[in-house]
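K.L.:
Hey, dropping model.cif in here, mmCIF, C-alpha atoms and all ligand atoms:
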```cif
data_input
#
loop_
_atom_site.label_atom_id
_atom_site.label_comp_id
_atom_site.auth_asym_id
_atom_site.auth_seq_id
_atom_site.Cartn_x
_atom_site.Cartn_y
_atom_site.Cartn_z
CA MET A 8 112.70 82.34 95.39
CA GLN A 9 111.39 78.82 95.66
CA PHE A 10 108.25 77.71 97.43
CA ARG A 11 107.44 74.80 99.72
CA SER A 12 104.20 73.33 100.97
CA THR A 13 103.20 74.03 104.57
CA GLN A 14 102.30 70.34 104.93
CA SER A 15 105.26 68.31 103.75
CA HIS A 16 108.83 68.20 102.63
CA ASP A 17 107.98 67.61 98.99
CA PRO A 18 110.49 69.05 96.54
CA LEU A 19 110.55 72.83 96.32
CA VAL A 20 108.76 74.41 93.38
CA SER A 21 109.51 77.52 91.33
CA PHE A 22 107.38 80.67 91.53
CA LYS A 23 105.90 79.79 88.15
CA ASP A 24 104.81 76.35 89.35
CA ALA A 25 103.47 77.75 92.62
CA VAL A 26 101.38 80.25 90.64
CA LEU A 27 100.17 77.87 87.95
CA ARG A 28 99.39 74.97 90.31
CA CYS A 29 98.65 76.92 93.40
CA LEU A 30 97.47 74.06 95.65
CA PRO A 31 100.07 71.45 96.61
CA GLN A 32 98.70 67.90 96.29
CA ASP A 33 99.23 67.34 100.03
CA GLY A 34 96.52 69.83 101.02
CA GLY A 35 98.90 72.54 102.28
CA LEU A 36 99.60 76.01 100.95
CA TYR A 37 102.72 77.30 99.24
CA VAL A 38 105.02 79.54 101.30
CA PRO A 39 108.44 81.00 100.40
CA ALA A 40 111.12 78.43 101.21
CA ALA A 41 114.05 80.79 101.66
CA VAL A 42 113.71 84.51 101.77
CA PRO A 43 116.24 86.82 100.12
CA ASP A 44 117.58 89.80 102.05
CA MET A 45 116.42 92.81 100.09
CA ARG A 46 117.76 95.50 102.42
CA GLN A 47 120.28 97.02 100.06
CA PHE A 48 117.55 97.59 97.47
CA PHE A 49 114.97 99.45 99.44
CA LEU A 50 117.38 101.23 101.75
CA TYR A 51 118.76 103.05 98.71
CA MET A 52 115.40 103.83 97.15
CA ASP A 53 113.88 107.09 98.23
CA ALA A 54 110.59 108.91 98.25
CA GLY A 55 111.03 109.79 94.57
CA THR A 56 110.74 106.14 93.46
CA SER A 57 107.42 105.46 91.72
CA TYR A 58 105.44 102.32 92.43
CA PRO A 59 106.11 100.65 89.05
CA GLU A 60 109.82 101.50 89.49
CA LEU A 61 109.87 99.86 92.91
CA VAL A 62 108.12 96.75 91.60
CA ALA A 63 110.42 96.57 88.57
CA ALA A 64 113.46 96.75 90.87
CA ILE A 65 112.30 94.33 93.59
CA ALA A 66 110.51 91.62 91.60
CA PRO A 67 113.51 90.41 89.56
CA VAL A 68 115.56 90.05 92.76
CA LEU A 69 112.84 88.10 94.51
CA LEU A 70 112.17 86.01 91.42
CA GLN A 71 115.73 85.61 90.26
CA GLY A 72 116.06 83.20 87.36
CA GLU A 73 112.35 83.47 86.58
CA LEU A 74 111.72 87.15 85.89
CA ASN A 75 114.50 89.22 84.39
CA PRO A 76 114.59 93.02 84.83
CA PHE A 77 113.07 93.64 81.38
CA SER A 78 110.19 91.28 82.02
CA ALA A 79 109.70 92.77 85.47
CA SER A 80 109.43 96.32 84.05
CA ARG A 81 106.88 95.09 81.52
CA VAL A 82 104.86 93.41 84.26
CA ALA A 83 105.02 96.47 86.53
CA GLU A 84 103.95 98.84 83.75
CA SER A 85 101.14 96.67 82.51
CA ALA A 86 99.80 95.83 86.00
CA PHE A 87 99.87 99.21 87.66
CA ASP A 88 98.19 102.27 86.25
CA PHE A 89 97.30 103.00 89.88
CA GLU A 90 99.54 103.52 92.90
CA PRO A 91 99.33 103.35 96.68
CA GLU A 92 99.50 106.70 98.40
CA LEU A 93 101.02 107.46 101.78
CA LYS A 94 99.15 110.23 103.60
CA GLN A 95 100.77 111.50 106.77
CA LEU A 96 98.07 112.57 109.22
CA ASP A 97 100.29 113.79 112.06
CA GLU A 98 103.42 112.85 113.98
CA ASN A 99 102.00 109.50 115.07
CA PHE A 100 99.77 108.39 112.23
CA SER A 101 99.73 107.84 108.48
CA LEU A 102 97.33 106.13 106.13
CA LEU A 103 98.58 103.89 103.35
CA THR A 104 95.81 104.29 100.79
CA LEU A 105 95.37 101.06 98.85
CA TYR A 106 92.00 101.73 97.25
CA ASN A 107 93.01 103.55 94.08
CA GLY A 108 92.63 100.49 91.85
CA PRO A 109 89.76 99.63 89.49
CA THR A 110 87.46 98.18 92.17
CA GLY A 111 88.45 100.35 95.13
CA VAL A 112 90.02 97.71 97.39
CA PHE A 113 93.60 96.66 98.12
CA LYS A 114 92.91 93.29 96.45
CA ASP A 115 93.31 95.03 93.07
CA PHE A 116 97.08 95.21 93.73
CA GLY A 117 97.57 91.46 94.07
CA ILE A 118 95.16 90.58 91.27
CA ALA A 119 96.68 93.08 88.80
CA PHE A 120 100.17 91.73 89.42
CA LEU A 121 99.03 88.11 89.18
CA ALA A 122 97.40 88.73 85.77
CA ALA A 123 100.42 90.56 84.37
CA VAL A 124 103.02 88.13 85.72
CA MET A 125 101.07 85.09 84.50
CA GLU A 126 100.91 86.53 81.00
CA GLU A 127 104.68 87.11 81.13
CA LEU A 128 105.46 83.62 82.49
CA LEU A 129 103.29 81.99 79.82
CA LYS A 130 104.87 83.80 76.88
CA ASN A 131 105.37 81.29 74.03
CA ASN A 132 104.82 78.58 76.55
CA GLY A 133 101.38 77.10 77.13
CA ARG A 134 98.13 78.46 78.42
CA ALA A 135 96.29 78.74 81.69
CA MET A 136 92.82 79.12 83.12
CA ILE A 137 92.23 80.81 86.42
CA LEU A 138 89.25 79.95 88.60
CA SER A 139 87.99 82.30 91.26
CA ALA A 140 84.94 82.71 93.45
CA SER A 141 83.34 86.07 94.04
CA ARG A 142 80.53 87.48 96.09
CA GLY A 143 81.53 91.13 96.14
CA ASP A 144 83.70 92.98 93.66
CA THR A 145 86.53 90.45 93.42
CA GLY A 146 85.00 89.13 90.18
CA ALA A 147 85.10 92.60 88.65
CA SER A 148 88.72 93.02 89.76
CA ILE A 149 89.63 89.66 88.18
CA ALA A 150 87.74 90.44 84.97
CA ARG A 151 89.49 93.80 84.57
CA ALA A 152 92.97 92.50 85.34
CA PHE A 153 92.70 89.41 83.13
CA TYR A 154 90.75 90.82 80.19
CA GLN A 155 92.75 90.35 76.97
CA ARG A 156 95.69 88.71 78.72
CA GLN A 157 97.27 86.42 76.13
CA ASN A 158 96.83 82.65 76.64
CA ILE A 159 94.71 83.06 79.79
CA THR A 160 91.00 82.46 80.39
CA ALA A 161 89.34 83.65 83.61
CA VAL A 162 86.39 81.70 85.06
CA ILE A 163 84.52 83.49 87.85
CA LEU A 164 82.02 81.57 90.01
CA TYR A 165 79.21 83.46 91.70
CA PRO A 166 76.91 81.97 94.35
CA SER A 167 73.21 82.28 93.54
CA GLY A 168 71.30 84.96 95.37
CA GLY A 169 73.83 87.73 94.79
CA PRO A 170 74.03 89.81 91.61
CA ILE A 171 76.91 89.63 89.15
CA ARG A 172 78.23 93.15 89.11
CA GLY A 173 80.78 95.26 87.33
CA LEU A 174 81.45 92.93 84.37
CA LYS A 175 81.10 93.94 80.72
CA PRO A 176 79.38 91.33 78.49
CA GLU A 177 81.65 92.23 75.56
CA THR A 178 84.57 90.77 77.55
CA PHE A 179 82.92 87.31 77.82
CA VAL A 180 84.10 84.27 75.88
CA PRO A 181 81.05 83.99 73.57
CA GLN A 182 81.65 87.60 72.47
CA GLY A 183 85.31 86.93 71.71
CA GLY A 184 86.68 87.88 75.14
CA ASN A 185 88.34 85.61 77.70
CA ILE A 186 86.07 85.98 80.75
CA ILE A 187 83.57 83.26 81.80
CA PRO A 188 81.15 84.20 84.62
CA ILE A 189 79.21 81.19 85.91
CA GLN A 190 76.49 81.26 88.54
CA VAL A 191 76.35 78.29 90.92
CA ARG A 192 73.11 77.25 92.63
CA GLY A 193 74.68 77.22 96.05
CA THR A 194 76.75 79.25 98.48
CA PHE A 195 80.12 80.96 98.27
CA ASP A 196 81.60 77.94 100.06
CA ASP A 197 80.17 75.67 97.32
CA CYS A 198 82.01 77.83 94.78
CA GLN A 199 85.27 77.51 96.75
CA ARG A 200 84.82 73.76 97.07
CA LEU A 201 84.19 73.40 93.31
CA ILE A 202 87.42 75.26 92.60
CA ALA A 203 89.42 72.94 94.86
CA GLU A 204 87.75 69.87 93.31
CA THR A 205 88.50 71.05 89.78
CA ILE A 206 92.16 71.64 90.65
CA MET A 207 92.37 68.17 92.21
CA ASP A 208 90.82 66.58 89.06
CA VAL A 209 94.27 66.35 87.55
CA PRO A 210 93.42 65.24 83.96
CA PHE A 211 90.88 68.06 83.57
CA ALA A 212 93.07 70.62 85.35
CA GLU A 213 96.02 69.74 83.14
CA ARG A 214 93.97 69.90 79.93
CA TYR A 215 93.07 73.54 80.63
CA GLY A 216 96.03 74.55 82.80
CA ILE A 217 93.76 75.35 85.73
CA THR A 218 94.89 77.32 88.76
CA SER A 219 93.09 79.44 91.32
CA ALA A 220 93.24 83.22 91.42
CA ASN A 221 91.95 83.51 94.94
CA ALA A 222 93.96 85.06 97.71
CA ILE A 223 95.87 81.89 98.52
CA ASN A 224 97.72 82.01 95.18
CA PRO A 225 101.32 83.07 95.96
CA GLY A 226 101.19 85.24 92.83
CA ARG A 227 98.66 87.43 94.60
CA LEU A 228 100.32 87.35 97.99
CA LEU A 229 103.89 88.21 97.02
CA PRO A 230 103.00 91.56 95.37
CA GLN A 231 101.24 92.58 98.59
CA THR A 232 104.70 92.89 100.14
CA PHE A 233 105.52 95.63 97.62
CA TYR A 234 103.25 98.26 99.10
CA TYR A 235 104.73 97.81 102.57
CA LEU A 236 108.17 98.46 101.08
CA TYR A 237 106.73 101.43 99.20
CA ALA A 238 105.33 102.87 102.45
CA PHE A 239 108.70 102.37 104.09
CA ILE A 240 110.67 104.23 101.41
CA LYS A 241 108.18 107.11 101.55
CA ILE A 242 108.28 107.38 105.32
CA LYS A 243 111.85 106.52 106.30
CA LYS A 244 113.15 110.09 106.11
CA TYR A 245 110.82 111.53 108.69
CA LEU A 246 110.60 108.48 110.93
CA LYS A 247 111.74 109.17 114.51
CA GLY A 248 110.55 106.34 116.76
CA ASP A 249 109.27 102.85 116.11
CA LEU A 250 107.38 101.93 112.95
CA ILE A 251 104.22 99.83 113.24
CA PHE A 252 101.69 98.84 110.58
CA SER A 253 98.04 98.45 111.54
CA VAL A 254 96.33 95.92 109.29
CA PRO A 255 92.57 95.27 109.11
CA SER A 256 92.59 91.47 109.12
CA GLY A 257 90.03 88.96 107.85
CA ASN A 258 91.78 86.16 105.99
CA PHE A 259 95.15 87.57 107.14
CA GLY A 260 96.60 87.86 103.62
CA ASN A 261 97.69 91.43 104.21
CA LEU A 262 99.20 90.60 107.56
CA ILE A 263 101.21 87.64 106.31
CA ALA A 264 102.44 89.78 103.40
CA GLY A 265 103.66 92.37 105.92
CA LEU A 266 105.50 89.64 107.80
CA TYR A 267 107.16 88.53 104.55
CA ALA A 268 108.22 92.15 103.92
CA TRP A 269 109.84 92.13 107.36
CA LYS A 270 111.60 88.88 106.48
CA PHE A 271 112.93 90.54 103.33
CA GLY A 272 114.65 92.99 105.68
CA MET A 273 112.19 95.88 105.95
CA PRO A 274 112.95 97.65 109.24
CA VAL A 275 109.66 97.54 111.11
CA ASN A 276 108.93 97.09 114.80
CA GLY A 277 105.59 95.37 114.63
CA PHE A 278 102.16 94.81 113.18
CA ILE A 279 98.70 95.25 114.63
CA ALA A 280 96.27 92.52 113.59
CA ALA A 281 93.11 94.62 113.76
CA MET A 282 89.95 92.54 113.95
CA ASN A 283 86.30 93.22 114.68
CA ALA A 284 84.14 91.03 116.93
CA ASN A 285 85.42 88.02 114.95
CA ASN A 286 88.64 87.98 116.92
CA ALA A 287 89.15 84.33 117.87
CA PHE A 288 92.39 84.37 115.93
CA GLY A 289 93.83 86.80 118.48
CA ASP A 290 94.20 83.80 120.81
CA PHE A 291 96.56 82.17 118.35
CA ILE A 292 98.61 85.35 118.10
CA GLN A 293 98.98 85.39 121.89
CA GLY A 294 100.22 81.82 121.90
CA LYS A 295 96.98 80.11 122.89
CA THR A 296 95.08 77.48 120.96
CA PHE A 297 92.96 78.82 118.13
CA ILE A 298 89.38 77.60 118.35
CA PRO A 299 87.21 79.01 115.55
CA ARG A 300 83.97 80.57 116.75
CA SER A 301 80.78 81.04 114.78
CA LEU A 302 80.61 84.11 112.61
CA VAL A 303 79.31 87.44 113.89
CA TYR A 304 78.04 89.89 111.26
CA THR A 305 79.50 93.35 111.76
CA ASN A 306 79.76 96.70 110.02
CA SER A 307 83.20 95.75 108.64
CA PRO A 308 82.05 92.72 106.58
CA ALA A 309 85.37 91.92 104.89
CA LEU A 310 86.72 91.08 108.35
CA ASP A 311 83.84 88.70 109.15
CA VAL A 312 85.88 85.50 108.87
CA SER A 313 85.83 82.67 111.37
CA ARG A 314 88.80 80.64 110.09
CA PRO A 315 91.35 82.69 108.12
CA SER A 316 92.32 81.06 104.82
CA ASN A 317 95.95 81.95 105.56
CA TYR A 318 95.87 80.03 108.85
CA GLU A 319 98.36 77.44 107.55
CA ARG A 320 100.78 80.13 106.48
CA LEU A 321 100.65 81.89 109.83
CA VAL A 322 101.23 78.64 111.69
CA ALA A 323 104.25 77.92 109.47
CA PHE A 324 105.57 81.44 110.11
CA TYR A 325 105.11 81.25 113.88
CA GLN A 326 106.74 77.83 114.13
CA GLU A 327 110.04 79.34 113.07
CA ALA A 328 110.25 81.83 115.93
CA PRO A 329 107.23 81.87 118.24
CA ALA A 330 108.78 84.25 120.78
CA VAL A 331 109.78 86.81 118.17
CA MET A 332 106.31 86.66 116.68
CA ARG A 333 104.68 87.29 120.02
CA ASN A 334 106.60 90.56 120.24
CA MET A 335 105.92 91.48 116.61
CA VAL A 336 102.18 91.08 116.20
CA TYR A 337 99.64 92.74 118.48
CA PRO A 338 96.04 91.58 118.21
CA ALA A 339 93.23 94.09 118.67
CA ALA A 340 89.44 93.72 118.60
CA ILE A 341 87.31 96.74 117.73
CA SER A 342 83.54 96.84 118.30
CA ASN A 343 80.92 98.13 115.85
CA GLU A 344 80.47 101.28 117.93
CA ALA A 345 84.21 101.93 118.16
CA THR A 346 84.45 101.47 114.38
CA LEU A 347 81.83 104.16 113.74
CA SER A 348 83.36 106.58 116.24
CA SER A 349 86.76 106.00 114.64
CA MET A 350 85.32 106.99 111.23
CA GLU A 351 83.94 110.13 112.83
CA ARG A 352 87.26 111.00 114.52
CA ILE A 353 89.32 110.53 111.37
CA TRP A 354 87.01 112.98 109.62
CA LYS A 355 86.89 115.53 112.45
CA ARG A 356 90.62 115.51 113.14
CA TYR A 357 92.10 115.10 109.70
CA ARG A 358 89.25 115.82 107.25
CA VAL A 359 89.75 112.39 105.72
CA LEU A 360 86.89 110.03 104.88
CA SER A 361 87.50 106.36 105.58
CA ASP A 362 85.69 103.07 105.14
CA PRO A 363 84.82 100.91 108.19
CA HIS A 364 87.67 98.42 107.59
CA THR A 365 90.21 101.20 107.65
CA ALA A 366 88.50 102.62 110.72
CA VAL A 367 88.87 99.30 112.58
CA ALA A 368 92.62 99.40 111.97
CA PHE A 369 92.87 103.10 112.83
CA ALA A 370 91.07 102.59 116.15
CA ALA A 371 93.53 99.80 116.94
CA ALA A 372 96.43 102.07 115.90
CA GLU A 373 95.29 104.73 118.39
CA GLN A 374 94.98 102.18 121.20
CA LEU A 375 98.54 101.05 120.65
CA ALA A 376 100.17 104.42 119.97
CA PHE A 377 98.85 105.88 123.21
CA SER A 378 99.48 102.78 125.31
CA LYS A 379 102.14 103.04 127.97
CA ASN A 380 104.53 100.77 126.05
CA PHE A 381 105.02 103.39 123.40
CA GLY A 382 104.04 106.64 125.05
CA GLY A 383 103.78 108.55 121.78
CA HIS A 384 107.17 107.50 120.35
CA VAL A 385 105.73 105.44 117.59
CA HIS A 386 104.51 105.99 114.07
CA VAL A 387 101.63 103.77 112.99
CA VAL A 388 100.84 103.34 109.31
CA THR A 389 97.24 102.18 108.94
CA LEU A 390 96.40 100.27 105.79
CA ALA A 391 93.39 101.99 104.19
CA THR A 392 92.03 98.91 102.43
CA GLY A 393 88.68 100.05 101.02
CA HIS A 394 87.39 103.14 99.25
CA PRO A 395 84.90 105.11 101.39
CA ALA A 396 82.52 105.26 98.39
CA LYS A 397 81.96 101.52 98.66
CA LEU A 398 80.06 101.78 101.94
CA PRO A 399 78.67 105.32 101.66
CA ASN A 400 75.90 104.88 104.24
CA PHE A 401 78.35 104.43 107.10
CA VAL A 402 80.35 107.42 105.94
CA GLU A 403 77.29 109.63 105.76
CA LYS A 404 76.03 108.43 109.13
CA THR A 405 79.31 109.15 110.92
CA THR A 406 80.51 112.30 109.15
CA GLY A 407 77.45 113.83 107.50
CA GLN A 408 79.43 113.80 104.25
CA ARG A 409 78.26 112.41 100.93
CA VAL A 410 81.04 110.49 99.22
CA ASP A 411 81.69 111.18 95.56
CA VAL A 412 82.03 107.97 93.58
CA PRO A 413 85.18 108.25 91.44
CA GLU A 414 84.50 107.75 87.75
CA LYS A 415 86.48 104.53 87.59
CA LEU A 416 84.30 102.90 90.24
CA ALA A 417 81.03 103.99 88.61
CA GLY A 418 80.61 100.83 86.48
CA LEU A 419 80.93 98.55 89.52
CA TRP A 420 77.24 98.56 90.30
CA GLU A 421 76.07 97.50 86.81
CA LYS A 422 74.59 94.04 86.69
CA ALA A 423 75.39 91.35 84.13
CA ASP A 424 74.04 87.88 83.32
CA PRO A 425 76.18 84.75 83.75
CA ILE A 426 76.97 82.70 80.66
CA ALA A 427 75.88 79.54 82.49
CA LEU A 428 73.83 78.66 85.55
CA ILE A 429 74.83 75.31 87.08
CA GLY A 430 74.15 73.07 90.05
CA PRO A 431 76.90 72.85 92.68
CA HIS A 432 78.54 69.78 91.10
CA LEU A 433 81.96 69.20 89.62
CA ASP A 434 80.64 67.63 86.38
CA ALA A 435 78.30 70.59 85.85
CA LEU A 436 81.20 73.05 86.19
CA GLU A 437 83.51 71.03 83.95
CA GLY A 438 80.73 70.70 81.37
CA ALA A 439 80.10 74.45 81.40
CA ILE A 440 83.81 75.19 80.95
CA ALA A 441 84.19 72.63 78.14
CA SER A 442 81.18 74.01 76.27
CA CYS A 443 82.93 77.39 75.94
CA PHE A 444 85.57 75.98 73.61
C1 LIG B 501 89.54 91.68 101.92
C2 LIG B 501 89.50 92.93 102.72
C3 LIG B 501 90.12 93.02 103.99
C4 LIG B 501 90.76 91.82 104.66
O1 LIG B 501 91.99 91.48 104.14
P1 LIG B 501 92.67 90.06 104.46
O2 LIG B 501 93.91 90.04 103.66
O3 LIG B 501 91.67 89.03 104.04
O4 LIG B 501 92.93 90.01 105.92
C5 LIG B 501 90.14 94.24 104.62
N1 LIG B 501 89.55 95.32 104.08
C6 LIG B 501 88.90 95.28 102.89
C7 LIG B 501 88.24 96.51 102.37
C8 LIG B 501 88.86 94.09 102.17
O5 LIG B 501 88.21 94.03 101.00
#
```
Rewrite the structure of this file - the entire thing - as C-alpha cells.
Ligand SMILES: *Cc1c(COP(=O)(O)O)cnc(C)c1O

P.N.:
Amino acid sequence: MQFRSTQSHDPLVSFKDAVLRCLPQDGGLYVPAAVPDMRQFFLYMDAGTSYPELVAAIAPVLLQGELNPFSASRVAESAFDFEPELKQLDENFSLLTLYNGPTGVFKDFGIAFLAAVMEELLKNNGRAMILSASRGDTGASIARAFYQRQNITAVILYPSGGPIRGLKPETFVPQGGNIIPIQVRGTFDDCQRLIAETIMDVPFAERYGITSANAINPGRLLPQTFYYLYAFIKIKKYLKGDLIFSVPSGNFGNLIAGLYAWKFGMPVNGFIAAMNANNAFGDFIQGKTFIPRSLVYTNSPALDVSRPSNYERLVAFYQEAPAVMRNMVYPAAISNEATLSSMERIWKRYRVLSDPHTAVAFAAAEQLAFSKNFGGHVHVVTLATGHPAKLPNFVEKTTGQRVDVPEKLAGLWEKADPIALIGPHLDALEGAIASCF
C-alpha cells in the first residue's frame, strides 16, 4: 500500500517513508493511495483467530513488498501481549474493549504496533528518533512501547504545569536507555508546534532520522483498522441485522480507521461519530460547512477537541463519495448528564463498569438502535476506549462501585523528572536533543 498527501499530487511514498517522515512537505497528511480488498482474508478467519494471528495475516497483505509474513509475525508477537476483547451485552449491543494495554487506552494498540514495525523496518538500515507530545498517559505508552527498540530513540515533550507520569528513570538515555523526556515551558500546543518545526528543519531532522509518533503517523493509524476486523470476525457468526460501530470521537483517528477498514472490504453498515458538547464537526458529517467552535470542558476530556487533527483525512475521504458517506456516518452529541446516566445504565443492566468516553458512545448507540430507522434490527458495537480505573470518581459516583486498578496500570501514577527543562523554542529543543549524544 502506498500513501499520498492530502494536499498535492506529489509522488506516492511507501509505508516506510510515510512512517519515517510522517509529515509531507506540502503541509498535508498521508492517506492510503489505493486500498487493497482484504475480504477473502477476514471472511475466512473465524472467532478462533487470535489477535496476533490476525495482525500477522493482514499486515503483510496490506504492506505487500514491505513487510513479509515472517516479519509481520515478529511484529505482531512483539507488539501485542494484550488483545482487544469483544463482550456481547445483548442482542443489540456489544462492547469492543480496547483498554487492556499498558496504559489502559486504545492508543496503546497503535503505539505498540508503530514501535514494533519501525524496529522491523529499520533492521540493518539506519536509525530513527520519534518525537511526541504528551499531557496524559500517551508519554507512558510511548515509553513502554519504544523502550529497548533497536536503533530508535523516543523523545517525549511535556508541557509545564502537568506532571510527568508513568515513566521509569532507568529507561532514560543518561541511564543507558533510549527514552528522553523533556519538559517545555509552555502549553501542549507549543509542544506540538515544536515537533512540526523540528520535522521541517530538514538538516537536523535528517541527522537524527526524526519523525513524529503522534496520532497522525500512518504507522499508528493503520493498525487501528485491525481491531475493527477482529471485532467483525468475532461477531459475524451471530450477526442477524445491520452492523454499526459507535466510536467516541475527539481527533477522529478511530473513526477514520473504521472507515479504512470498511474500504478494505469489512461488511459494515455504518459508524456513529459519538461526540460530547464539542460537536461542531457533526455539521461537516451532515454536509454543512465545518466552523470550529471554542472548546467546552466536559466529563469526557479526551473528546474535548475543537478542530480534529484528522480533519484533512476526513475531507479527503468524503471527497471521494460524499453521498455514500452521508449514509455511513451518523453524528451524535451526548451531554454530560446523559454520559453519567449512560454509565449508570451500563452497570445496572449489564454489570459492566465503563469510562465516560465509552459511555458517550454507548448512549449514542442506544439512540440509534432504538430509532425508527432500525427498529431493533441492528447490532451496535461500541468501542470501549478507556479503562474505568482511569477516571474512578465518575464510576463511583454513577455506580457506587470502587474500581480495582489492574496491576499493570499501577505504575502510571508515579511521577518522574524530565532530563531537560527548556523554553518553547526550536533551538532549545534541538540543543537538548544534541546534548544527549
Ligand atoms: C484519545 C481518546 C479518544 C478519542 O479518540 P480519537 O481517535 O482522537 O477520536 C476516546 N477515548 C479515549 C479514552 C481516548 O483516550

K.L.:
Taking 4 positions as the minimum chain separation for residues in the same chain, which residues sit within 9 Å of A:Ser85 when counting only C-alpha atoms? Answer as a VMD selection string.

P.N.:
chain A and resid 80 to 81 119 to 120 123

K.L.:
Restricting the calculation to only C-alpha atoms and all ligand atoms, which member of A:Val42, A:Ala150, A:Ile242, A:Val112 is positioned closest to ligand LIG 501 (chain B)?

P.N.:
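Result for the nearest residue to ligand LIG 501 (chain B): A:Val112.
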
K.L.:
Give me, please, the distance in Å between atom CA of A:Thr205 and atom CA of A:Ile217, quoted to one decimal.

P.N.:
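Straight-line distance from atom CA of A:Thr205 to atom CA of A:Ile217 works out to 7.9 Å.
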
K.L.:
Write out as a PyMOL selection string each polymer residue whose atoms come within 7 Å of A:Asn317, counting all atoms listed in the file; drop sequence neighbours fewer than 4 positions from it.

P.N.:
chain A and resi 258-260+321

K.L.:
Which residues, protein or nucleic acid, reach to within 9 Å of (81.9, 112.3, 103.1) in the file's coordinates when using all atoms listed in the file, and can you give that as a PyMOL selection string?

P.N.:
chain A and resi 354+359-361+395-396+399+402-403+405-411

K.L.:
Calculate how many Å separate atom CA of A:Leu428 from atom CA of A:Ile189, rounding to one decimal.

P.N.:
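Atom-to-atom, atom CA of A:Leu428 to atom CA of A:Ile189, that is 6.0 Å.
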